[in-house]
2 protein chains.
Amino acid sequence: MKVQVVKNVLDANDRIADENRALFDRKRIHVINLMSSPGAGKTSLVERTILALRDRYRIGVIEGDIQDTCDADRVAALGIPAVQINTGGGCHLDANMIREALAGLDLDALDLIIVENVGNLVCPAEFRIGENAKVMILSTPEGADKPAKYPLIFQKSAVMLLNKTDLLPHLDFDLAKVRHDALSLNRDLTIFEVSCRTGEGLDPWYRWLAGQIDGDAARSSR
Amino acid sequence: MKVQVVKNVLDANDRIADENRALFDRKRIHVINLMSSPGAGKTSLVERTILALRDRYRIGVIEGDIQDTCDADRVAALGIPAVQINTGGGCHLDANMIREALAGLDLDALDLIIVENVGNLVCPAEFRIGENAKVMILSTPEGADKPAKYPLIFQKSAVMLLNKTDLLPHLDFDLAKVRHDALSLNRDLTIFEVSCRTGEGLDPWYRWLAGQIDGDAARSSR
């Protein structure tokens with residue numbers, strides 16, 4: 001027997017990501033891959049975004065967690081279809097997990113899928129899942145040194161939401177530095193300063209996301 | 001040619017961790033493996049701990065980061081020997097990285113090595129490095145659902161420092177729930193409520209750590 005060795009796990013992942021992407025295009029579904037450290041506010045952003053956009057778009061959610069279903073439960077409580085992926089110890093989602101999860105969603109009844117990745121500022125950024133865009137959250141209590149220490153996620157993201165701005169008066173956080181360092185890594189990064197707790201600053205994010213979904217729809221109908 | 005396959009990467013890691021452990025025992029060095037999410041306050045705790053204990057113990061530090069040397073620079077500024085490991089994308093430290101880093105420290109001149117792991121609540125907990133104890137930080141802005149979502153790190157740690165208590169008045173953080181859920185996962189977990197920013201609550205941590213180091217020394221001299 002000859003032993004087959006998969007030389008590059010990322011190549012293998014990319015092939016499935018491309019298949020997911022082609023499926024999303026056929027179904028005219030916009031997909032965002034939401035990433036951050038644990039506790040930066042991903043699920044709160046998902047909830048806020050659902051409430052803001054659910055009258056306009058049909059939304060589904062895929063939740064990625066090591067274990068448990070508490071995030072998917074929060075989404076389902078809003079009447080939104082949600083699938084929970086439990087990675088069983090794995091620190092990121094990959095394209096194949098997304099492919100498996102899609103069986104739990106009616107793809108003919110969705111305009112937007114929000115994928116909430118495992119809380120981790122490192123590995124999720126390495127794995128394409130077939131998304132239109134990677135969106136990251138950095139929360140102010142994490143500190144302004146994060147672009148220097150975790151550059152890949154800033155380089156790969158289209159959007160950074162700088163969350164928990166309501167805590168700024170209580171922190172030593174250098175907003176100008178984090179903006180400068182993030183844009184130095186990725187000059188195309190769109191930055192929104194928000195508080196998912198108070199709702200402040202979120203309207204531009206909703207408009208950005210709606211523009212992306214509408215742009216997809218316009219391209220598909222040409 | 002027969003193809004050799006390493007069946008269990010964790011088994012391979014454990015063998016090197018045991019060798020590191022034996023070396024630390026011979027040299028009478030106490031080693032802690034410090035883990036948390038990005039920005040929870042690991043380096044601030046290292047700085048505070050150095051200032052509190054450096055007159056009593058000879059301390060060295062190993063810093064783990066994806067890239068850059070800013071944490072090691074902060075430690076070196078205190079006059080403490082520090083070695084920086086750059087994982088180049090890797091999301092955790094392993095036993096072999098520690099073995100390599102030890103070449104940069106004079107093991108005959110140390111009582112305590114603090115290893116600051118990569119900021120990540122998932123994978124660092126899976127890899128033994130030869131430490132006496134794993135110590136984790138959970139910061140209050142991360143939220144009280146973290147034990148349910150990232151159980152392994154709570155199960156593997158001897159100590160949890162609940163950091164950023166100075167922010168509690170500004171957060172919806174359920175302190176009783178996080179204590180209960182963490183202790184449900186690990187009834188031997190020692191919990192300290194601290195603020196590395198103000199210094200509040202840190203004395204019991206210094207006493208705990210000193211007790212561990214002195215206990216080691218007492219056992220070695222028997």
# chains A, B, ... in the order shown; residues from 1 in each chain; ligands from 1
call {"tool": "interface_residues", "arguments": {"of": "chain B", "to": "chain A", "cutoff": "8 Å", "atoms": "only C-alpha atoms", "output": "CSV table (one decimal) with N, CA and C atoms, in the first residue's frame"}}
result
chain,number,residue,atom,x,y,z
B,3,VAL,N,7.6,4.2,6.2
B,3,VAL,CA,7.2,5.5,6.6
B,3,VAL,C,6.8,5.5,8.1
B,37,SER,N,-6.6,34.6,27.3
B,37,SER,CA,-6.9,35.2,26.1
B,37,SER,C,-6.0,36.3,25.8
B,38,PRO,N,-5.9,36.8,24.5
B,38,PRO,CA,-5.2,38.0,24.3
B,38,PRO,C,-5.6,39.2,25.1
B,39,GLY,N,-4.7,39.9,25.7
B,39,GLY,CA,-5.1,41.2,26.4
B,39,GLY,C,-5.7,41.0,27.7
B,40,ALA,N,-5.6,39.8,28.3
B,40,ALA,CA,-6.3,39.6,29.6
B,40,ALA,C,-5.4,40.1,30.8
B,65,ASP,N,5.1,34.5,21.8
B,65,ASP,CA,4.3,35.3,20.9
B,65,ASP,C,4.4,34.9,19.5
B,66,ILE,N,3.4,35.2,18.7
B,66,ILE,CA,3.4,34.9,17.3
B,66,ILE,C,4.6,35.5,16.6
B,67,GLN,N,4.8,36.8,16.9
B,67,GLN,CA,5.9,37.5,16.4
B,67,GLN,C,6.2,38.7,17.4
B,68,ASP,N,7.2,39.4,17.2
B,68,ASP,CA,7.7,40.6,17.9
B,68,ASP,C,8.3,40.3,19.2
B,89,GLY,N,3.3,32.1,13.9
B,89,GLY,CA,1.9,31.7,13.5
B,89,GLY,C,1.3,30.7,14.4
B,90,GLY,N,2.1,30.0,15.1
B,90,GLY,CA,1.6,28.9,16.0
B,90,GLY,C,0.9,29.5,17.2
B,91,CYS,N,-0.2,28.9,17.6
B,91,CYS,CA,-1.1,29.5,18.6
B,91,CYS,C,-0.9,29.0,20.0
B,120,ASN,N,-4.3,32.9,24.1
B,120,ASN,CA,-5.2,31.9,23.4
B,120,ASN,C,-5.8,31.1,24.6
B,121,LEU,N,-7.1,31.0,24.6
B,121,LEU,CA,-7.8,30.3,25.7
B,121,LEU,C,-8.0,28.8,25.4
B,122,VAL,N,-7.5,28.3,24.2
B,122,VAL,CA,-7.8,27.0,23.7
B,122,VAL,C,-6.6,26.1,23.8
B,123,CYS,N,-5.7,26.2,22.8
B,123,CYS,CA,-4.7,25.2,22.6
B,123,CYS,C,-3.6,25.2,23.7
B,141,PRO,N,-13.8,41.7,31.5
B,141,PRO,CA,-14.6,42.1,30.2
B,141,PRO,C,-14.9,40.9,29.3
B,142,GLU,N,-14.2,39.8,29.5
B,142,GLU,CA,-14.4,38.6,28.6
B,142,GLU,C,-15.8,38.0,28.9
B,143,GLY,N,-16.3,38.2,30.1
B,143,GLY,CA,-17.6,37.7,30.4
B,143,GLY,C,-17.6,36.4,31.2
B,146,LYS,N,-17.2,32.1,30.0
B,146,LYS,CA,-16.0,31.4,29.6
B,146,LYS,C,-15.8,30.0,30.1
B,148,ALA,N,-17.9,27.7,30.7
B,148,ALA,CA,-18.8,26.8,29.9
B,148,ALA,C,-18.2,26.6,28.5
B,149,LYS,N,-17.6,27.7,27.9
B,149,LYS,CA,-17.2,27.6,26.5
B,149,LYS,C,-15.8,27.1,26.3
B,150,TYR,N,-14.9,27.3,27.3
B,150,TYR,CA,-13.5,26.9,27.2
B,150,TYR,C,-13.1,26.1,28.4
B,167,LEU,N,-12.7,47.1,36.7
B,167,LEU,CA,-13.7,47.4,35.7
B,167,LEU,C,-15.1,46.9,36.1
B,170,HIS,N,-18.4,48.8,35.8
B,170,HIS,CA,-18.8,49.3,34.4
B,170,HIS,C,-19.2,48.1,33.6
call {"tool": "closest_atom_pairs", "arguments": {"of": "region 75-118 of chain A", "to": "region 55-58 of chain A", "cutoff": "12 Å", "atoms": "only C-alpha atoms", "output": "tab-separated table"}}
result
residue	atom	partner	partner_atom	distance
A:Gly79	CA	A:Arg58	CA	11.1
A:Ile80	CA	A:Arg58	CA	8.6
A:Pro81	CA	A:Arg58	CA	9.6
A:Leu105	CA	A:Arg58	CA	11.7
A:Asp106	CA	A:Arg58	CA	10.7
A:Leu107	CA	A:Arg58	CA	10.2
A:Asp108	CA	A:Arg58	CA	10.0
A:Ala109	CA	A:Arg58	CA	6.7
A:Leu110	CA	A:Arg58	CA	4.8
A:Asp111	CA	A:Arg58	CA	5.1
A:Leu112	CA	A:Arg58	CA	6.4
A:Ile113	CA	A:Arg58	CA	8.7
A:Ile114	CA	A:Arg58	CA	11.1
call {"tool": "write_last_selection", "arguments": {"atoms": "C-alpha atoms", "output": "PDB file, in the first residue's frame"}}
result
ATOM      1  CA  GLY A  79     -36.362  33.380  15.749  1.00  0.00           C
ATOM      2  CA  ILE A  80     -33.367  33.037  13.420  1.00  0.00           C
ATOM      3  CA  PRO A  81     -32.218  29.659  12.040  1.00  0.00           C
ATOM      4  CA  LEU A 105     -29.914  25.479   6.924  1.00  0.00           C
ATOM      5  CA  ASP A 106     -32.415  26.053   4.084  1.00  0.00           C
ATOM      6  CA  LEU A 107     -30.116  27.785   1.607  1.00  0.00           C
ATOM      7  CA  ASP A 108     -33.014  28.805  -0.645  1.00  0.00           C
ATOM      8  CA  ALA A 109     -34.440  30.905   2.170  1.00  0.00           C
ATOM      9  CA  LEU A 110     -31.383  32.984   3.112  1.00  0.00           C
ATOM     10  CA  ASP A 111     -29.705  36.207   1.951  1.00  0.00           C
ATOM     11  CA  LEU A 112     -27.032  36.359   4.649  1.00  0.00           C
ATOM     12  CA  ILE A 113     -25.168  33.800   6.724  1.00  0.00           C
ATOM     13  CA  ILE A 114     -23.157  35.042   9.667  1.00  0.00           C
TER      14      ILE A 114
END
call {"tool": "residues_around", "arguments": {"residues": "Asn33 (chain B)", "least_positions_apart": "5", "cutoff": "8 Å", "atoms": "only C-alpha atoms", "output": "PDB file with N, CA and C atoms, in the first residue's frame"}}
result
ATOM      1  N   ILE B 114       8.941  32.052  34.791  1.00  0.00           N
ATOM      2  CA  ILE B 114       7.566  32.300  34.382  1.00  0.00           C
ATOM      3  C   ILE B 114       7.519  32.191  32.863  1.00  0.00           C
ATOM      4  N   VAL B 115       6.701  31.270  32.356  1.00  0.00           N
ATOM      5  CA  VAL B 115       6.503  31.129  30.910  1.00  0.00           C
ATOM      6  C   VAL B 115       5.181  31.805  30.562  1.00  0.00           C
ATOM      7  N   GLU B 116       5.245  32.841  29.744  1.00  0.00           N
ATOM      8  CA  GLU B 116       4.017  33.502  29.299  1.00  0.00           C
ATOM      9  C   GLU B 116       3.640  32.926  27.942  1.00  0.00           C
ATOM     10  N   ASN B 117       2.543  32.193  27.908  1.00  0.00           N
ATOM     11  CA  ASN B 117       2.130  31.508  26.687  1.00  0.00           C
ATOM     12  C   ASN B 117       1.538  32.491  25.674  1.00  0.00           C
ATOM     13  N   ILE B 129       4.511  21.656  29.149  1.00  0.00           N
ATOM     14  CA  ILE B 129       5.845  22.131  28.792  1.00  0.00           C
ATOM     15  C   ILE B 129       6.881  21.759  29.859  1.00  0.00           C
ATOM     16  N   GLU B 131       6.022  22.286  33.201  1.00  0.00           N
ATOM     17  CA  GLU B 131       5.741  23.238  34.272  1.00  0.00           C
ATOM     18  C   GLU B 131       5.356  22.537  35.568  1.00  0.00           C
ATOM     19  N   ASN B 132       5.549  23.258  36.707  1.00  0.00           N
ATOM     20  CA  ASN B 132       4.980  22.795  37.972  1.00  0.00           C
ATOM     21  C   ASN B 132       3.484  23.034  38.005  1.00  0.00           C
ATOM     22  N   ALA B 133       3.062  24.175  37.477  1.00  0.00           N
ATOM     23  CA  ALA B 133       1.638  24.503  37.512  1.00  0.00           C
ATOM     24  C   ALA B 133       1.259  25.373  36.327  1.00  0.00           C
ATOM     25  N   LYS B 134       0.049  25.131  35.828  1.00  0.00           N
ATOM     26  CA  LYS B 134      -0.562  26.041  34.872  1.00  0.00           C
ATOM     27  C   LYS B 134      -1.342  27.086  35.664  1.00  0.00           C
ATOM     28  N   VAL B 135      -1.182  28.332  35.278  1.00  0.00           N
ATOM     29  CA  VAL B 135      -1.881  29.453  35.917  1.00  0.00           C
ATOM     30  C   VAL B 135      -2.608  30.208  34.816  1.00  0.00           C
TER      31      VAL B 135
END
call {"tool": "atom_distance", "arguments": {"atom1": "CA of Ala76 (chain B)", "atom2": "CA of Leu45 (chain B)"}}
result
14.6 Å
call {"tool": "residues_around", "arguments": {"residues": "region 182-195 of chain B", "least_positions_apart": "4", "cutoff": "9 Å", "atoms": "only C-alpha atoms", "output": "VMD selection string"}}
result
chain B and resid 146 to 148 151 to 152 154 to 167 177 to 178 199 to 202 204 to 205
call {"tool": "closest_residue", "arguments": {"among": "B:Ala210, B:Ala95, B:Ala217, B:Ala101", "to": "Arg15 (chain B)", "atoms": "only C-alpha atoms"}}
result
B:Ala95
call {"tool": "closest_residue", "arguments": {"among": "B:Gln84, B:Ile32, B:Asp14, B:Thr198", "to": "Ile59 (chain B)", "atoms": "only C-alpha atoms"}}
result
B:Ile32
call {"tool": "select_by_dssp", "arguments": {"residues": "region 53-169 of chain B", "states": "alpha helix (DSSP H)", "output": "list in words"}}
result
Leu53, Cys70, Asp71, Ala72, Asp73, Arg74, Val75, Ala76, Ala95, Asn96, Met97, Ile98, Arg99, Glu100, Ala101, Leu102, Lys146, Pro147, Ala148, Lys149, Pro151, Leu152, Ile153, Phe154, Gln155 and Lys156 of chain B
call {"tool": "write_last_selection", "arguments": {"atoms": "C-alpha atoms", "output": "PDB file, in the first residue's frame"}}
result
ATOM      1  CA  LEU B  53       9.303  38.827  44.361  1.00  0.00           C
ATOM      2  CA  CYS B  70       7.529  43.730  22.954  1.00  0.00           C
ATOM      3  CA  ASP B  71       6.643  41.544  25.955  1.00  0.00           C
ATOM      4  CA  ALA B  72      10.235  40.354  26.425  1.00  0.00           C
ATOM      5  CA  ASP B  73      11.367  43.972  26.110  1.00  0.00           C
ATOM      6  CA  ARG B  74       8.993  44.959  28.946  1.00  0.00           C
ATOM      7  CA  VAL B  75      10.481  42.231  31.161  1.00  0.00           C
ATOM      8  CA  ALA B  76      14.081  42.965  30.204  1.00  0.00           C
ATOM      9  CA  ALA B  95       7.654  21.455  25.248  1.00  0.00           C
ATOM     10  CA  ASN B  96      10.236  21.521  22.472  1.00  0.00           C
ATOM     11  CA  MET B  97      10.018  25.306  22.087  1.00  0.00           C
ATOM     12  CA  ILE B  98      10.695  25.593  25.824  1.00  0.00           C
ATOM     13  CA  ARG B  99      13.665  23.217  25.574  1.00  0.00           C
ATOM     14  CA  GLU B 100      15.130  25.390  22.819  1.00  0.00           C
ATOM     15  CA  ALA B 101      14.500  28.590  24.780  1.00  0.00           C
ATOM     16  CA  LEU B 102      16.273  27.263  27.891  1.00  0.00           C
ATOM     17  CA  LYS B 146     -16.004  31.437  29.557  1.00  0.00           C
ATOM     18  CA  PRO B 147     -15.858  28.334  31.814  1.00  0.00           C
ATOM     19  CA  ALA B 148     -18.780  26.830  29.878  1.00  0.00           C
ATOM     20  CA  LYS B 149     -17.186  27.619  26.510  1.00  0.00           C
ATOM     21  CA  PRO B 151     -13.576  24.207  29.879  1.00  0.00           C
ATOM     22  CA  LEU B 152     -10.169  22.575  29.351  1.00  0.00           C
ATOM     23  CA  ILE B 153      -8.088  25.531  30.501  1.00  0.00           C
ATOM     24  CA  PHE B 154     -10.112  25.757  33.712  1.00  0.00           C
ATOM     25  CA  GLN B 155      -9.701  22.012  34.272  1.00  0.00           C
ATOM     26  CA  LYS B 156      -5.936  22.068  33.730  1.00  0.00           C
TER      27      LYS B 156
END
call {"tool": "decode", "arguments": {"residues": "region 79-201 of chain A", "atoms": "C-alpha atoms", "output": "short mmCIF file (atom, residue, chain, number, x, y, z; two decimals), in the first residue's frame"}}
result
data_model
loop_
_atom_site.label_atom_id
_atom_site.label_comp_id
_atom_site.auth_asym_id
_atom_site.auth_seq_id
_atom_site.Cartn_x
_atom_site.Cartn_y
_atom_site.Cartn_z
CA GLY A 79 -36.36 33.38 15.75
CA ILE A 80 -33.37 33.04 13.42
CA PRO A 81 -32.22 29.66 12.04
CA ALA A 82 -28.99 28.71 13.77
CA VAL A 83 -26.64 25.74 13.53
CA GLN A 84 -24.08 25.01 16.23
CA ILE A 85 -20.72 23.50 15.31
CA ASN A 86 -18.89 21.99 18.29
CA THR A 87 -15.23 21.61 17.40
CA GLY A 88 -14.55 19.31 20.35
CA GLY A 89 -11.31 21.08 21.27
CA GLY A 90 -10.46 22.57 17.87
CA CYS A 91 -9.49 26.24 18.03
CA HIS A 92 -10.96 27.38 14.69
CA LEU A 93 -13.58 26.56 12.05
CA ASP A 94 -12.55 25.15 8.70
CA ALA A 95 -14.29 24.86 5.34
CA ASN A 96 -15.36 21.27 5.85
CA MET A 97 -17.10 22.05 9.15
CA ILE A 98 -19.05 24.77 7.34
CA ARG A 99 -19.98 22.36 4.54
CA GLU A 100 -21.34 19.92 7.11
CA ALA A 101 -23.23 22.66 8.94
CA LEU A 102 -24.96 23.88 5.76
CA ALA A 103 -27.11 20.75 5.80
CA GLY A 104 -28.87 22.31 8.79
CA LEU A 105 -29.91 25.48 6.92
CA ASP A 106 -32.41 26.05 4.08
CA LEU A 107 -30.12 27.79 1.61
CA ASP A 108 -33.01 28.80 -0.65
CA ALA A 109 -34.44 30.91 2.17
CA LEU A 110 -31.38 32.98 3.11
CA ASP A 111 -29.70 36.21 1.95
CA LEU A 112 -27.03 36.36 4.65
CA ILE A 113 -25.17 33.80 6.72
CA ILE A 114 -23.16 35.04 9.67
CA VAL A 115 -20.52 32.52 10.78
CA GLU A 116 -19.32 33.15 14.31
CA ASN A 117 -15.90 31.56 14.62
CA VAL A 118 -14.29 30.10 17.76
CA GLY A 119 -12.95 32.83 20.07
CA ASN A 120 -9.29 32.99 19.04
CA LEU A 121 -7.21 35.76 17.51
CA VAL A 122 -4.76 33.36 15.84
CA CYS A 123 -5.86 30.33 13.81
CA PRO A 124 -9.33 31.31 12.52
CA ALA A 125 -7.64 33.86 10.23
CA GLU A 126 -5.69 31.06 8.49
CA PHE A 127 -8.68 29.04 7.31
CA ARG A 128 -10.92 30.21 4.47
CA ILE A 129 -14.45 28.86 4.79
CA GLY A 130 -15.90 30.27 1.54
CA GLU A 131 -16.85 33.62 3.05
CA ASN A 132 -17.30 36.89 1.18
CA ALA A 133 -15.46 38.73 3.90
CA LYS A 134 -13.70 38.19 7.18
CA VAL A 135 -14.86 40.59 9.87
CA MET A 136 -12.95 40.94 13.13
CA ILE A 137 -13.75 42.48 16.49
CA LEU A 138 -11.11 43.96 18.74
CA SER A 139 -12.40 45.00 22.15
CA THR A 140 -10.83 47.96 23.92
CA PRO A 141 -9.90 46.08 27.15
CA GLU A 142 -7.61 43.83 25.08
CA GLY A 143 -5.20 46.73 24.59
CA ALA A 144 -3.67 48.60 21.68
CA ASP A 145 -0.74 46.22 21.15
CA LYS A 146 -2.83 43.56 19.40
CA PRO A 147 -2.06 44.52 15.74
CA ALA A 148 1.66 44.14 16.48
CA LYS A 149 1.17 40.79 18.20
CA TYR A 150 -1.52 39.13 16.03
CA PRO A 151 -0.95 40.67 12.58
CA LEU A 152 -2.53 38.01 10.36
CA ILE A 153 -6.11 38.57 11.47
CA PHE A 154 -5.77 42.31 10.79
CA GLN A 155 -4.28 41.58 7.36
CA LYS A 156 -7.02 39.13 6.37
CA SER A 157 -10.06 41.10 7.58
CA ALA A 158 -12.10 43.52 5.49
CA VAL A 159 -13.60 45.12 8.59
CA MET A 160 -12.49 45.69 12.15
CA LEU A 161 -15.13 46.60 14.70
CA LEU A 162 -13.49 48.25 17.67
CA ASN A 163 -15.95 47.21 20.37
CA LYS A 164 -16.59 48.25 23.98
CA THR A 165 -15.96 51.93 23.34
CA ASP A 166 -18.21 52.55 26.37
CA LEU A 167 -15.28 51.35 28.52
CA LEU A 168 -12.76 53.83 27.06
CA PRO A 169 -13.07 56.32 29.95
CA HIS A 170 -11.96 53.52 32.33
CA LEU A 171 -9.02 52.18 30.30
CA ASP A 172 -5.54 53.22 29.21
CA PHE A 173 -6.29 52.50 25.56
CA ASP A 174 -4.51 54.30 22.72
CA LEU A 175 -7.18 54.52 20.02
CA ALA A 176 -4.94 56.42 17.58
CA LYS A 177 -2.20 53.80 17.92
CA VAL A 178 -4.48 50.83 17.25
CA ARG A 179 -5.99 52.57 14.19
CA HIS A 180 -2.54 53.43 12.87
CA ASP A 181 -1.05 49.99 13.47
CA ALA A 182 -4.06 48.14 12.03
CA LEU A 183 -4.08 50.30 8.90
CA SER A 184 -0.32 49.85 8.55
CA LEU A 185 -0.95 46.11 8.29
CA ASN A 186 -3.94 46.50 5.98
CA ARG A 187 -4.64 49.87 4.38
CA ASP A 188 -7.99 48.61 3.03
CA LEU A 189 -9.31 47.78 6.51
CA THR A 190 -12.64 49.46 7.26
CA ILE A 191 -12.86 50.41 10.94
CA PHE A 192 -16.02 51.03 12.96
CA GLU A 193 -15.91 52.18 16.59
CA VAL A 194 -18.87 50.62 18.36
CA SER A 195 -20.40 49.55 21.63
CA CYS A 196 -22.49 46.41 21.28
CA ARG A 197 -23.62 47.02 24.85
CA THR A 198 -25.14 50.47 24.22
CA GLY A 199 -25.62 50.21 20.45
CA GLU A 200 -23.56 53.34 19.86
CA GLY A 201 -21.74 53.55 16.53
#
